[in-house]
Each structure stands twice: as structure tokens, then as C-alpha cells.
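Source file protein_35.cif; content: mmCIF, C-alpha atoms.
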```
data_structure
#
loop_
_atom_site.label_atom_id
_atom_site.label_comp_id
_atom_site.auth_asym_id
_atom_site.auth_seq_id
_atom_site.Cartn_x
_atom_site.Cartn_y
_atom_site.Cartn_z
CA MET A 1 79.69 82.87 103.04
CA ARG A 2 76.51 83.34 105.07
CA ALA A 3 75.28 79.96 103.89
CA SER A 4 78.42 78.24 105.15
CA VAL A 5 77.65 78.95 108.84
CA ALA A 6 74.55 78.72 111.00
CA PRO A 7 72.42 81.91 110.92
CA ALA A 8 72.77 82.42 114.68
CA VAL A 9 76.56 82.13 114.45
CA TRP A 10 76.72 84.60 111.58
CA GLN A 11 74.57 87.09 113.47
CA ARG A 12 76.66 86.79 116.61
CA ASN A 13 79.91 87.10 114.66
CA ALA A 14 78.57 90.11 112.79
CA GLY A 15 77.80 91.80 116.08
CA PHE A 16 81.32 91.16 117.32
CA VAL A 17 82.84 92.51 114.11
CA GLU A 18 80.71 95.65 114.21
CA ASN A 19 81.76 96.28 117.80
CA LEU A 20 85.41 95.75 116.85
CA ARG A 21 85.07 98.25 114.01
CA GLN A 22 83.64 100.76 116.46
CA LEU A 23 86.60 100.21 118.77
CA ILE A 24 88.97 100.90 115.89
CA SER A 25 87.08 104.04 114.90
CA THR A 26 87.49 105.46 118.42
CA HIS A 27 91.06 104.27 118.92
CA PRO A 28 93.64 107.06 119.39
CA VAL A 29 95.23 106.23 116.03
CA ALA A 30 92.00 107.28 114.29
CA ARG A 31 92.31 110.82 115.65
CA HIS A 32 96.08 111.09 115.96
CA ARG A 33 97.56 114.58 115.83
CA ALA A 34 99.71 113.46 112.90
CA ILE A 35 96.65 113.59 110.64
CA GLY A 36 96.24 117.31 111.19
CA VAL A 37 99.96 117.99 110.94
CA LEU A 38 100.18 116.18 107.61
CA ASN A 39 97.08 117.95 106.31
CA SER A 40 98.54 121.32 107.28
CA GLY A 41 100.91 121.23 104.30
CA THR A 42 103.78 122.76 106.26
CA LEU A 43 106.14 119.81 106.53
CA ASP A 44 109.85 119.67 105.93
CA LEU A 45 111.09 117.83 102.83
CA GLU A 46 113.61 115.71 104.72
CA ALA A 47 110.97 114.72 107.27
CA MET A 48 108.61 113.60 104.49
CA ARG A 49 111.38 111.57 102.87
CA THR A 50 111.95 109.72 106.13
CA ILE A 51 108.24 109.26 106.79
CA HIS A 52 107.81 107.66 103.37
CA LEU A 53 110.73 105.30 103.99
CA GLU A 54 109.27 104.40 107.38
CA TYR A 55 105.82 103.79 105.91
CA ARG A 56 107.34 101.75 103.09
CA HIS A 57 109.02 99.43 105.59
CA ALA A 58 106.07 99.19 107.95
CA ILE A 59 103.35 98.25 105.45
CA VAL A 60 103.86 98.98 101.74
CA GLN A 61 106.51 96.33 101.09
CA ILE A 62 104.60 93.49 102.77
CA PHE A 63 100.94 94.24 102.15
CA THR A 64 100.54 91.82 99.22
CA ASP A 65 102.53 89.20 101.15
CA ALA A 66 99.86 89.37 103.85
CA LEU A 67 97.03 89.16 101.30
CA LEU A 68 98.56 86.04 99.75
CA ALA A 69 99.07 84.51 103.19
CA ALA A 70 95.38 85.10 103.95
CA GLN A 71 94.37 83.43 100.69
CA LEU A 72 96.45 80.37 101.52
CA GLN A 73 95.21 80.15 105.09
CA THR A 74 91.55 80.11 104.07
CA ARG A 75 92.25 76.36 103.98
CA GLN A 76 91.89 76.49 107.77
CA LEU A 77 88.13 76.97 107.26
CA GLU A 78 87.85 73.35 106.16
CA PRO A 79 86.82 70.82 107.32
CA ARG A 80 85.05 72.84 110.06
CA LEU A 81 82.92 74.51 107.37
CA PRO A 82 81.36 72.80 104.31
CA PRO A 83 83.56 71.89 101.31
CA GLY A 84 84.33 74.88 99.13
CA SER A 85 83.76 77.40 101.93
CA LYS A 86 87.26 78.77 101.44
CA LEU A 87 86.54 79.89 97.87
CA ALA A 88 84.23 82.82 98.65
CA PRO A 89 86.76 84.64 100.88
CA ARG A 90 89.50 83.78 98.37
CA PHE A 91 87.36 85.42 95.70
CA LEU A 92 87.01 88.61 97.76
CA ILE A 93 90.69 88.73 98.67
CA THR A 94 91.49 88.24 94.98
CA LEU A 95 89.65 91.49 94.20
CA ASN A 96 92.07 93.19 96.57
CA ASP A 97 94.99 91.37 94.95
CA LEU A 98 93.92 92.48 91.49
CA ASP A 99 93.97 96.12 92.57
CA GLU A 100 97.33 95.71 94.27
CA PHE A 101 98.88 93.87 91.32
CA GLY A 102 97.88 96.45 88.70
CA PHE A 103 94.76 94.97 87.10
CA ARG A 104 91.92 97.33 86.17
CA PRO A 105 88.22 96.66 85.60
CA GLY A 106 87.17 96.00 82.02
CA LEU A 107 88.59 94.31 78.95
CA ASP A 108 91.49 95.34 76.75
CA ALA A 109 91.38 95.68 72.96
CA GLU A 110 91.75 91.92 72.59
CA GLY A 111 88.95 91.14 75.02
CA TYR A 112 91.33 90.05 77.77
CA TYR A 113 91.97 91.36 81.30
CA ARG A 114 93.10 94.97 81.54
CA GLY A 115 96.12 95.82 83.61
CA ASN A 116 99.85 96.03 83.88
CA PRO A 117 102.18 95.33 86.81
CA ALA A 118 103.55 98.84 86.25
CA TYR A 119 100.27 99.98 87.86
CA ALA A 120 100.78 97.77 90.91
CA HIS A 121 100.60 99.78 94.11
CA TYR A 122 104.04 98.94 95.47
CA PRO A 123 105.84 100.08 92.28
CA LEU A 124 103.64 103.21 92.25
CA PHE A 125 104.82 103.96 95.78
CA GLU A 126 108.42 103.50 94.62
CA ARG A 127 107.79 106.21 92.03
CA VAL A 128 106.76 108.55 94.84
CA LEU A 129 110.16 107.88 96.36
CA ASP A 130 111.68 108.69 92.96
CA ASP A 131 109.90 112.04 93.08
CA TYR A 132 111.32 112.62 96.54
CA GLY A 133 114.82 112.03 95.16
CA ILE A 134 115.42 108.93 97.28
CA SER A 135 117.97 106.74 95.53
CA MET A 136 117.76 102.96 95.34
CA GLN A 137 120.87 102.71 97.50
CA GLN A 138 119.22 104.92 100.13
CA ARG A 139 116.12 102.71 100.09
CA GLN A 140 118.09 99.51 100.42
CA SER A 141 120.34 100.78 103.19
CA TYR A 142 117.71 102.70 105.14
CA PRO A 143 117.77 101.67 108.83
CA ALA A 144 114.08 101.44 109.71
CA SER A 145 113.15 102.65 113.17
CA ARG A 146 112.33 100.23 115.96
CA ILE A 147 108.61 101.06 115.81
CA SER A 148 108.51 100.64 112.02
CA ARG A 149 110.11 97.21 112.42
CA LYS A 150 107.63 96.30 115.15
CA VAL A 151 104.62 97.27 113.01
CA ARG A 152 105.94 95.19 110.13
CA GLU A 153 106.86 92.17 112.23
CA PHE A 154 103.49 92.15 113.98
CA LEU A 155 101.72 91.63 110.66
CA GLU A 156 104.34 89.19 109.38
CA HIS A 157 103.93 87.01 112.47
CA SER A 158 100.23 86.60 111.68
CA TYR A 159 100.72 84.84 108.34
CA GLY A 160 100.24 81.33 109.71
CA ASP A 161 96.80 81.94 111.22
CA TYR A 162 93.83 82.86 109.05
CA LEU A 163 91.89 84.80 111.68
CA ASP A 164 94.98 86.75 112.72
CA VAL A 165 96.08 87.82 109.26
CA VAL A 166 92.54 88.73 108.15
CA VAL A 167 91.78 90.95 111.14
CA LEU A 168 95.15 92.69 110.86
CA LEU A 169 94.67 93.23 107.13
CA ALA A 170 91.27 94.81 107.84
CA ALA A 171 92.88 97.11 110.39
CA ALA A 172 95.69 97.90 107.94
CA GLU A 173 93.14 98.89 105.29
CA GLU A 174 91.61 101.28 107.80
CA GLU A 175 95.10 102.68 108.44
CA VAL A 176 95.57 103.25 104.71
CA ILE A 177 92.17 104.95 104.44
CA LEU A 178 92.95 107.25 107.38
CA TYR A 179 96.50 108.26 106.50
CA SER A 180 96.79 108.20 102.71
CA PRO A 181 94.82 111.45 102.20
CA PRO A 182 96.98 113.39 104.71
CA LEU A 183 100.17 111.94 103.21
CA ARG A 184 98.88 113.00 99.80
CA GLU A 185 98.24 116.55 100.99
CA ALA A 186 101.65 116.81 102.64
CA THR A 187 103.25 115.59 99.40
CA ARG A 188 101.22 118.01 97.28
CA ALA A 189 102.31 120.91 99.52
CA LEU A 190 105.94 120.19 98.56
CA GLY A 191 105.12 120.81 94.92
CA PHE A 192 104.82 117.21 93.75
CA ASP A 193 102.12 115.96 91.36
CA VAL A 194 99.63 113.79 93.28
CA ASP A 195 96.95 113.64 90.58
CA ASP A 196 98.33 110.41 89.16
CA GLY A 197 100.12 107.29 90.41
CA TYR A 198 100.09 106.08 94.01
CA TYR A 199 98.29 109.09 95.44
CA PHE A 200 95.57 108.79 92.84
CA VAL A 201 95.04 105.16 93.83
CA HIS A 202 95.31 105.96 97.54
CA GLY A 203 94.31 109.18 99.21
CA VAL A 204 91.20 110.27 97.32
CA SER A 205 88.66 107.66 98.37
CA GLU A 206 85.88 110.24 98.48
CA ASP A 207 86.37 110.99 94.77
CA VAL A 208 84.21 108.69 92.63
CA SER A 209 86.61 109.17 89.71
CA ALA A 210 89.60 107.86 91.67
CA GLU A 211 91.03 104.41 91.19
CA ALA A 212 90.58 103.50 94.84
CA ALA A 213 88.56 100.70 96.41
CA ASP A 214 90.03 100.56 99.91
CA ASP A 215 86.62 100.88 101.58
CA ASP A 216 85.31 97.90 99.60
CA HIS A 217 88.41 95.84 100.37
CA GLU A 218 88.14 96.59 104.08
CA ASN A 219 84.47 95.56 104.10
CA ASP A 220 85.34 92.34 102.24
CA LEU A 221 87.93 91.47 104.89
CA TRP A 222 85.43 92.07 107.70
CA LEU A 223 82.98 89.75 105.91
CA ALA A 224 85.69 87.10 105.64
CA LEU A 225 86.33 87.45 109.36
CA THR A 226 82.59 87.17 110.09
CA GLN A 227 82.50 83.83 108.31
CA ALA A 228 85.58 82.46 110.03
CA LEU A 229 85.00 83.38 113.68
CA THR A 230 83.74 81.26 116.50
CA PRO A 231 82.95 82.82 119.90
CA GLU A 232 85.97 81.37 121.67
CA HIS A 233 88.17 83.40 119.30
CA TYR A 234 86.63 86.77 120.15
CA PRO A 235 88.94 87.85 123.01
CA ARG A 236 92.16 86.90 121.20
CA VAL A 237 91.14 88.45 117.89
CA GLN A 238 90.04 91.70 119.53
CA SER A 239 93.21 91.92 121.62
CA LEU A 240 95.40 91.25 118.58
CA CYS A 241 93.66 93.87 116.47
CA LEU A 242 93.82 96.57 119.14
CA ARG A 243 97.48 95.82 119.83
CA TYR A 244 98.15 96.40 116.13
CA CYS A 245 96.29 99.72 116.34
CA ASP A 246 98.41 100.59 119.39
CA LEU A 247 101.54 99.99 117.33
CA TRP A 248 100.28 102.21 114.54
CA ASP A 249 99.52 104.90 117.12
CA GLN A 250 103.10 104.61 118.36
CA PHE A 251 104.34 104.69 114.77
CA TRP A 252 102.66 108.02 114.07
CA THR A 253 103.75 109.45 117.41
CA ALA A 254 107.32 108.64 116.39
CA GLN A 255 106.76 110.30 113.01
CA LEU A 256 105.65 113.52 114.71
CA ALA A 257 109.24 113.98 115.85
CA LEU A 258 110.18 114.11 112.16
CA MET A 259 107.46 116.54 111.13
CA ARG A 260 109.40 119.77 111.19
CA PRO A 261 107.55 122.74 109.70
CA ALA A 262 109.07 124.09 106.51
CA ALA A 263 110.72 127.49 106.79
CA SER A 264 108.35 128.81 104.14
CA LEU A 265 106.18 127.43 101.38
CA ALA A 266 108.34 129.09 98.76
CA GLY A 267 111.49 127.60 100.24
CA THR A 268 109.90 124.17 100.37
CA GLN A 269 108.84 124.38 96.75
CA GLY A 270 112.37 125.34 95.85
CA LEU A 271 113.64 122.20 97.56
CA ALA A 272 111.12 120.09 95.73
CA GLU A 273 112.09 121.60 92.38
CA ALA A 274 115.74 120.85 93.13
CA VAL A 275 115.03 117.11 93.63
#
```
Would you give me this structure, written as C-alpha cells?
Amino acid sequence: MRASVAPAVWQRNAGFVENLRQLISTHPVARHRAIGVLNSGTLDLEAMRTIHLEYRHAIVQIFTDALLAAQLQTRQLEPRLPPGSKLAPRFLITLNDLDEFGFRPGLDAEGYYRGNPAYAHYPLFERVLDDYGISMQQRQSYPASRISRKVREFLEHSYGDYLDVVVLLAAAEEEVILYSPPLREATRALGFDVDDGYYFVHGVSEDVSAEAADDDHENDLWLALTQALTPEHYPRVQSLCLRYCDLWDQFWTAQLALMRPAASLAGTQGLAEAV
């Protein structure tokens, strides 16, 4: 990807991307009070059910849609960049796809790709909802909140523009990295097993044994953005990304209203066992 743009352009773009990452790291969403509340392990079962349905609507259901849109829109790199320039970012986004779709590194017994769509992240999240006792009818009829709809629609509206969808995907990966561990801890506190499934894939990035590569995927998306940018895009891309972070900040503020402390840990565990 470096070879597809002039060295001075790459260096300038890399500086912009690094500054944008710093802005995200200091954005209010990165230190939102919801992180501590979730980590406290004192949340009400009904609140956590709703939070998972909200999170499902806002990002889980559409994340692979956005990845596939980004892969398609790499075509916008040509003919501005040399022929074939779209393949390197497609390769990196494919690594993200493979994780999301349920592939695993290595070869199976027949020397072919390892994996199964049963391990795909979206179905794994649905199994978390199974654990929470949320029926399929409840999922299908759930009326997502206004802010959950806004977060989802903001990403969906980016699908036609390569720069837009890539920068929002990078920000979304950061969101997943920030909030999956607290969601995992809040789920564990209710007595659910989080040592397998979705919360083994997401929520334990610091554990080298975990099947998580969110940090790598985020870095790959920032590299893709570095290749694709030109200076005239900087203001729009930065504004778009920070607006998306603002929406996520509003999303978690809205979730705080749902985060009622459990009456007692024992009582909460009893609820969980009854599910």
C-alpha cells in the first residue's frame, strides 16, 4: 500500500491518521462512566437484556455488512492509484471478514481451511441472547431506541463511500475494544459463562490465548485509510469520525439510564439461574 502512493503523501496521511486516533482516544466515549458501571458487576438482569438488544441493533447486526461494503468500495482507489492498488486493502479487510465469518487460522484434517459459520461472531452474539433468555420473537419485535437507530444508520449511510466506511469501521473497532470487556464482566457477574463463545472472541484482547484480533483489525483499517486519503479529505473524514464517536457517547449515556444496580449478587444469580 505504501508503494501505491508518493512517500510524502503517505507520510502526511499517516500523520493525520495518528492525530485522528489520538482524538478518538481522548474523546468522552473512551472514558465514559458506563465503562466503570459495567465493570462494577452490579447491574440488573433486565437492564443487561435491553443493553444487549440495543448493542445488537446498533452494531452487531450490520458490522459484516459494513466490511463487505468497504471491500467493494476499494474500487474507488482506481484509477487514481496504480492498477491493483485495491487488492492490498481488500486482503486486510478479508482477514477481518474471516474472523467475523467463523474461519480460524490453520488447516483442518484434510488440509483445507479451518472454520465453521457456527463460530461467526454474529451467531455467537445471538447465543449470548439465548443465555439471557431473550426469545426470537422478542429480538424480532424489539423497538430499538432512537439513539441505537441513529448509530446504526450513521454507519449504514457510509456504505457508498470508501473513505467514510473505512474510518467509521476503524472507530467501530475501537468501540468494540473499549466496551466488550466491560460487557463481558457485567455478563459474568450475572452468573453466565463468558469463557467461551462471543465473550471469548471479544472482551479479552489482553489475553494471548483468546481468539481475538480486534487490535490488528483496527490497525489494518487505519492503514487502509492512510493509503486512500488525500489532504482535501482530511476535514470531512475527521468530522465524520468524531460525529460517530459523539453518537456512541450518546448511546452509552442512554444505556446508563438502564443500568440499575442489582438488589444483591445472590438475587441476581438467582435470576440468571432461572433464565
Nearest to Leu95 in chain A, chosen from A:Leu67, A:Ala228, A:Val165, A:Ile24, with only C-alpha atoms counted in the distances: A:Leu67
Would you pick out the contacts of range 101-106 of chain A at 9 Å or less, using only C-alpha atoms, so that residues sharing its chain but fewer than 5 positions from it are not included, and give the list as a ChimeraX atom specification? /A:64,96,111-122,211
Residue selection dump (C-alpha atoms) as a PDB file, in the coordinates of the input:
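That gives us result30.pdb:
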```
ATOM      1  CA  THR A  64     100.540  91.820  99.220  1.00  0.00           C
ATOM      2  CA  ASN A  96      92.070  93.190  96.570  1.00  0.00           C
ATOM      3  CA  GLY A 111      88.950  91.140  75.020  1.00  0.00           C
ATOM      4  CA  TYR A 112      91.330  90.050  77.770  1.00  0.00           C
ATOM      5  CA  TYR A 113      91.970  91.360  81.300  1.00  0.00           C
ATOM      6  CA  ARG A 114      93.100  94.970  81.540  1.00  0.00           C
ATOM      7  CA  GLY A 115      96.120  95.820  83.610  1.00  0.00           C
ATOM      8  CA  ASN A 116      99.850  96.030  83.880  1.00  0.00           C
ATOM      9  CA  PRO A 117     102.180  95.330  86.810  1.00  0.00           C
ATOM     10  CA  ALA A 118     103.550  98.840  86.250  1.00  0.00           C
ATOM     11  CA  TYR A 119     100.270  99.980  87.860  1.00  0.00           C
ATOM     12  CA  ALA A 120     100.780  97.770  90.910  1.00  0.00           C
ATOM     13  CA  HIS A 121     100.600  99.780  94.110  1.00  0.00           C
ATOM     14  CA  TYR A 122     104.040  98.940  95.470  1.00  0.00           C
ATOM     15  CA  GLU A 211      91.030 104.410  91.190  1.00  0.00           C
TER      16      GLU A 211
END
```
Counting all atoms listed in the file, the residue of A:Asp65, A:Glu100, A:Asp246, A:Asp108 that sits nearest Ile147 in chain A: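 Using all atoms listed in the file, the shortest distance to Ile147 in chain A belongs to A:Asp246.
Ranking A:Glu78, A:Val151, A:Phe251, A:Arg90 by their shortest atom-to-atom distance to Leu223 in chain A, with all atoms listed in the file included, puts A:Arg90 first.
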Give me, as a PyMOL selection string, all polymer residues having an atom no more than 12 Å from range 177-180 of chain A, counting all atoms listed in the file and skipping those fewer than 2 positions away in the same chain. chain A and resi 24-25+29-39+51-52+55+60+125+170-175+182-187+194+198-206+212-218+248-249+251-252
Can you pull out the residues contacting Gln227 in chain A? Cut-off 9 Å, using all atoms listed in the file, and skip same-chain residues under 6 positions away; I want them as JSON, numbers by chain. {"A": [1, 2, 4, 5, 9, 10, 13, 14, 77, 89]}
I'd like the residues picked by the PyMOL selection byres ((chain A and resi 129) around 12) written out as a ChimeraX atom specification, using the chain letters and numbers from the file. /A:45-46,48-56,122-128,130-139,187,192,197-199,275
Would you kindly return, as a PDB file with C-alpha atoms, in the coordinates of the input, each protein, DNA or RNA residue with an atom no farther than 10 Å from any atom of Glu153 in chain A, considering only C-alpha atoms and excluding same-chain residues fewer than 4 positions away?
```pdb
ATOM      1  CA  ALA A  58     106.070  99.190 107.950  1.00  0.00           C
ATOM      2  CA  ILE A  59     103.350  98.250 105.450  1.00  0.00           C
ATOM      3  CA  ILE A  62     104.600  93.490 102.770  1.00  0.00           C
ATOM      4  CA  ILE A 147     108.610 101.060 115.810  1.00  0.00           C
ATOM      5  CA  SER A 148     108.510 100.640 112.020  1.00  0.00           C
ATOM      6  CA  ARG A 149     110.110  97.210 112.420  1.00  0.00           C
ATOM      7  CA  HIS A 157     103.930  87.010 112.470  1.00  0.00           C
ATOM      8  CA  SER A 158     100.230  86.600 111.680  1.00  0.00           C
TER       9      SER A 158
END
```
May I have the protein, DNA and RNA residues with any atom at most 12 Å from the point (94.9, 81.0, 99.9), counting only C-alpha atoms, written as a ChimeraX atom specification? /A:65-77,85-94,97,159-162,165-166
Just give me the gap between CA of Leu163 in chain A and CA of Pro181 in chain A in Å, one decimal is fine.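 Separation between CA of Leu163 in chain A and CA of Pro181 in chain A: 28.4 Å.
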Å distance separating CA of Asn19 in chain A from CA of Tyr234 in chain A, one decimal place: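 CA of Tyr234 in chain A lies 10.9 Å from CA of Asn19 in chain A.
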Distance criterion (all atoms listed in the file): nearest to Leu247 in chain A out of A:Leu221, A:Ala189, A:Leu229, A:Leu168: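 That would be A:Leu168, the residue with the smallest distance to Leu247 in chain A.
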